[in-house]
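Novice: Pasting a structure below so you can have a look.
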Amino acid sequence: MLKSQLQQKLRELKDNNLYRFLRKNNMRNNNEDNKNYLDFSSNDYLCLSINKEITDAIKERGLKYGFGSTGSRLTSGDINHQLLEHKIAEFKGTERSLIYSSGYATNVGVISALCKKGDLILSDKLNHASIIDGCKLSKSDVLIYNHCDTDNLIDLIEKNRNNYNNLFIITDGVFSMDGDIAPLDKLKKIADEYNGILIIDDAHGTGVLGNGRGTLKHFNLKPSDNIIQIGTLSKAVGGLGGFVCGIEEVIEYLINTSRSFIYSTSLPPSVVSGCIKSFEIIEKGAPTKKLQKNIELANKIFKEHDLIEEDNLTPIYPFIFGDKTMDIAERLIKNNIFCVGIRYPTVPKGLERLRVSINIGHSEGDFRALCESIKKFK
Ligand SMILES: Cc1ncc(COP(=O)(O)O)c(C=O)c1O
C-alpha cells in the first residue's frame, strides 16, 4: 500500500520536473574520471574545507581524542567542545556560545526552546527552511513579513504586539538563495522600539561580511541582550556543526531545554579541532579580504555578460532562468561545470535559478568560462 503510494508520488515529481536525486561531487573524488571540473555549487567560500593547516589539526587531534564523541554533551560527549565555544564567543564578541551538530539543528533547537506559547514570531518570507521548521516546532504564533520589508514588519507588529508576551524577529543575515543582506540596522531599531528580540541566522554572513565577523559587524552593530546570533560551521568555516551566540542566560537556558542539543550526540572532536583552527585562520582576516576581491572581480565579469545589474556584496549569485534552469544546469554539468539549479519548493515557481556561489579559489578564467557556457546554453 505504502509502496504504491510512494511510487505514485515519485512519478508525479518526475512528471513535474521536481524529482531530486543524488549526484556525486567529482571535484572531491580527485577528478577520478580525469575531467577538469569547475565547482560553483559549494558554500566553502574561503576554501577552508581543504586547508592544510586545518586537515593537519584534524589528523593530530583525531589521534589524540579518537573518532566519535560517544554521547550528548550532557552525558559523555563534552570533550574539546568548550574550547570551540570560547573561540566562537570571542570571535563574535558575545558572552557565551553553544555548538550544535548542524546549523539546521541549531535553528530548530534554539527557536523551539526560546519561543513559547503566548509569544509572537515575525519571520522574513525568505528565511531558511530550518528557521521555518524551528517556528513550526515552537508553540508561538508566527507571522511572515514580506522579504526585508520593514514597513510591513512594523505594520504587523503594531497590529499584534499588545496580544503577546515576547516578540521575536527572525531573519537570515545573508539570504541563502538570493545573496542579499537583511537590513539589520533597521531590524535592531524595531526590536528595541517594540521590546523585541532579534534572532539572526548568519549561516552565510560568518567568514564573509564584517571582516569575517558576520552581518552584525557589517552594520557596525554590537551584540546586545536582545540579539541572538546563529551560524553554521559548514559553510565559510569549512567543517560541520552549528552555533548560537548570546548572553549567559540564553546559553544556560538552551543547555537545559534545547532538545536538539540535549538529545543528540555531540560533534566528533576532530571536527571541533578543525573548526577551532578555522576560526584562528578567519580571524586573521586574509581569506575574507581575498573573497571580497573575488566578489569584485565576479561582479565585473557577470555585469559584462549581463548576468547581474548591481554589484553583489556576498558570494551568492542567483541567475534566474525560470523553467529553463534545470536544463541549463544539466548542460553545464555535462560540460564539467558544477552549478546547481534551484527550483520549487526551495524557491517559488517562476523564480527557479542557478545558484552560483563563488569562492577564493576561483579565477577570472573560471568566471569567464561559466559566463560563456551559460550564454551558450540559455
Ligand atoms: C541560512 C541557512 N541556515 C541554516 C542552514 C543549515 O546549516 P547546516 O547545513 O549546517 O545544517 C543553511 C544551510 O543550508 C542555511 O543556508
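Please note that chains go A, B, ... in the order of the C-alpha cells, that every chain numbers its residues from 1, and that ligands are numbered from 1 in the order shown.
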Dump the neighbourhood of ligand 1 as a list of chain:residue names: all residues within 6 Å, distances computed on only C-alpha atoms and all ligand atoms.
Specialist: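 Answer in the requested format: A:Ser102, A:Gly103, A:Tyr104, A:His128, A:Ser130, A:Asp172, A:Ser176, A:Asp201, A:Ala203, A:Thr232, A:Ser234, A:Gly241, A:Gly242.
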Novice: Out of range 107-296 of chain A, which residues get strand (DSSP E) from DSSP, as an MDAnalysis selection string?
Specialist: chainID A and resid 120:124 141:145 167:172 196:201 227:232 242:246
Novice: So that I can see what lies close to range 40-47 of chain A, please list as a ChimeraX atom specification the residues with an atom at most 8 Å from it, counting only C-alpha atoms and leaving out residues fewer than 2 positions away in the same chain.
Specialist: /A:38,49-51,207-208,234-238,287-288,291,315,337-340,355-361
Novice: Excluding range 61-65 of chain A and residues on its chain fewer than 2 positions from it, collect all residues at most 9 Å away from it, counting only C-alpha atoms, and give them as a VMD selection string.
Specialist: chain A and resid 56 to 59 67 to 69 79 to 80 268 to 271 273 to 274
Novice: Any chance you can output those residues with C-alpha atoms as a JSON list (two decimals), in the first residue's frame?
Specialist:
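Here's the written file result.json:
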[["chain", "number", "residue", "atom", "x", "y", "z"],
["A", 56, "ASP", "CA", 46.67, 18.69, 9.95],
["A", 57, "ALA", "CA", 44.88, 19.83, 13.12],
["A", 58, "ILE", "CA", 42.16, 17.26, 12.47],
["A", 59, "LYS", "CA", 44.72, 14.48, 12.00],
["A", 67, "PHE", "CA", 36.77, 9.07, 16.28],
["A", 68, "GLY", "CA", 33.37, 9.73, 17.84],
["A", 69, "SER", "CA", 32.34, 11.82, 20.83],
["A", 79, "ILE", "CA", 35.49, 16.73, 25.07],
["A", 80, "ASN", "CA", 37.09, 19.76, 23.42],
["A", 268, "PRO", "CA", 33.29, 14.44, 16.68],
["A", 269, "PRO", "CA", 36.26, 16.02, 18.50],
["A", 270, "SER", "CA", 38.41, 16.11, 15.35],
["A", 271, "VAL", "CA", 35.76, 18.23, 13.63],
["A", 273, "SER", "CA", 39.52, 20.90, 16.45],
["A", 274, "GLY", "CA", 39.29, 21.63, 12.74]]
Novice: Quick one: residues within 10 Å of range 328-331 of chain A, only C-alpha atoms counted, chain neighbours fewer than 5 positions away excluded, as a VMD selection string?
Specialist: chain A and resid 321 323 336 to 342 353 to 355 373 to 378
Novice: Of the candidates A:Arg213, A:Lys117, A:Lys334, A:Lys349, which one gets nearest to Glu283 in chain A if we count only C-alpha atoms?
Specialist: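 Among the listed residues, A:Arg213 lies closest to Glu283 in chain A.
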Novice: Just the residues within 8 Å of Ile199 in chain A, please, counting only C-alpha atoms, with nothing from its chain fewer than 3 positions along; format it as a compact mmCIF listing (two decimals) with C-alpha atoms, in the first residue's frame.
Specialist:
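out_1.txt, freshly written:
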# COMPACT_ATOMS: atom_id res chain seq x y z
CA PHE A 168 10.85 37.63 18.24
CA ILE A 169 12.01 38.98 14.88
CA ILE A 170 13.86 36.23 12.98
CA THR A 171 15.88 36.72 9.81
CA ILE A 227 20.29 39.92 19.86
CA ILE A 228 20.85 36.20 19.35
CA GLN A 229 23.24 35.18 16.58
CA ILE A 230 23.10 31.75 14.99
Novice: Residues near Gly173 in chain A, anyone? I mean within 6 Å using only C-alpha atoms, not counting same-chain ones fewer than 2 positions away, as a list in words.
Specialist: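 Here the answer would be Ile181, Ala182, Ile200, Asp201, Asp202 and Thr215 of chain A.
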Novice: Take the residues from that selection and write them out as a short mmCIF file (atom, residue, chain, number, x, y, z; two decimals), in the first residue's frame, keeping all heavy atoms.
Specialist:
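Contents of selection_30.cif, freshly written:
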data_model
loop_
_atom_site.label_atom_id
_atom_site.label_comp_id
_atom_site.auth_asym_id
_atom_site.auth_seq_id
_atom_site.Cartn_x
_atom_site.Cartn_y
_atom_site.Cartn_z
N ILE A 181 21.28 41.00 1.73
CA ILE A 181 21.59 41.17 3.16
C ILE A 181 20.38 41.76 3.87
O ILE A 181 19.79 42.75 3.40
CB ILE A 181 22.81 42.10 3.31
CG1 ILE A 181 24.01 41.52 2.57
CG2 ILE A 181 23.15 42.34 4.78
CD1 ILE A 181 25.21 42.46 2.48
N ALA A 182 20.02 41.19 5.01
CA ALA A 182 18.88 41.71 5.79
C ALA A 182 19.24 43.09 6.35
O ALA A 182 20.40 43.32 6.73
CB ALA A 182 18.58 40.76 6.94
N ILE A 200 19.26 36.33 14.48
CA ILE A 200 19.87 36.40 13.15
C ILE A 200 20.53 35.07 12.84
O ILE A 200 21.40 34.61 13.59
CB ILE A 200 20.97 37.50 13.12
CG1 ILE A 200 20.41 38.84 13.57
CG2 ILE A 200 21.59 37.59 11.73
CD1 ILE A 200 21.48 39.77 14.11
N ASP A 201 20.13 34.46 11.72
CA ASP A 201 20.82 33.26 11.26
C ASP A 201 21.89 33.70 10.27
O ASP A 201 21.58 34.02 9.11
CB ASP A 201 19.81 32.30 10.59
CG ASP A 201 20.52 31.11 9.94
OD1 ASP A 201 21.75 30.98 10.13
OD2 ASP A 201 19.84 30.34 9.25
N ASP A 202 23.13 33.73 10.74
CA ASP A 202 24.21 34.27 9.90
C ASP A 202 25.02 33.16 9.23
O ASP A 202 26.24 33.26 9.09
CB ASP A 202 25.11 35.16 10.76
CG ASP A 202 25.63 36.34 9.96
OD1 ASP A 202 25.09 36.60 8.87
OD2 ASP A 202 26.59 36.99 10.41
N THR A 215 27.31 39.52 9.71
CA THR A 215 26.44 40.59 9.20
C THR A 215 26.22 41.69 10.25
O THR A 215 26.10 42.87 9.91
CB THR A 215 25.09 39.99 8.74
OG1 THR A 215 25.36 38.87 7.90
CG2 THR A 215 24.28 40.98 7.95
#
Novice: Under the rule that only C-alpha atoms are counted, which of A:Ile251, A:Ser266, A:Lys303, A:Asn36 is the nearest residue to Gly77 in chain A?
Specialist: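 So, comparing all the options, the nearest one is A:Ser266.
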Novice: Out of A:Pro318, A:Gly231, A:Gly365, A:Gly246, which residue has the shortest atom-to-atom distance to Leu297 in chain A when counting only C-alpha atoms?
Specialist: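 Smallest distance to Leu297 in chain A is found for A:Gly365.
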Novice: Hey, which of A:Leu313, A:Leu120, A:Val347, A:Val174 ends up closest to Lys159 in chain A? Count only C-alpha atoms.
Specialist: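 Once distances to Lys159 in chain A are computed over only C-alpha atoms, the minimum belongs to A:Leu120.
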Novice: Could you write out, as an MDAnalysis selection string, all the residues of range 8-89 of chain A that DSSP marks as helix (DSSP H, G or I)?
Specialist: chainID A and resid 8:15 26:29 48:50 52:65 81:89
Novice: So which one's closest to Asn163 in chain A, A:Asp119, A:Asn195, A:Leu126, A:Glu304? Using only C-alpha atoms, please.
Specialist: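 Checking each candidate against Asn163 in chain A, we get A:Asp119 as the closest.
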Novice: Record the distance separating CA of Asn17 in chain A and CA of Thr346 in chain A, expressed in Å with one decimal.
Specialist: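 We find that CA of Asn17 in chain A and CA of Thr346 in chain A lie 13.7 Å from each other.
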Novice: Here is a test: counting only C-alpha atoms, which residue of A:Val250, A:Tyr37, A:Gln8, A:Ser140 is nearest to His362 in chain A?
Specialist: A:Tyr37
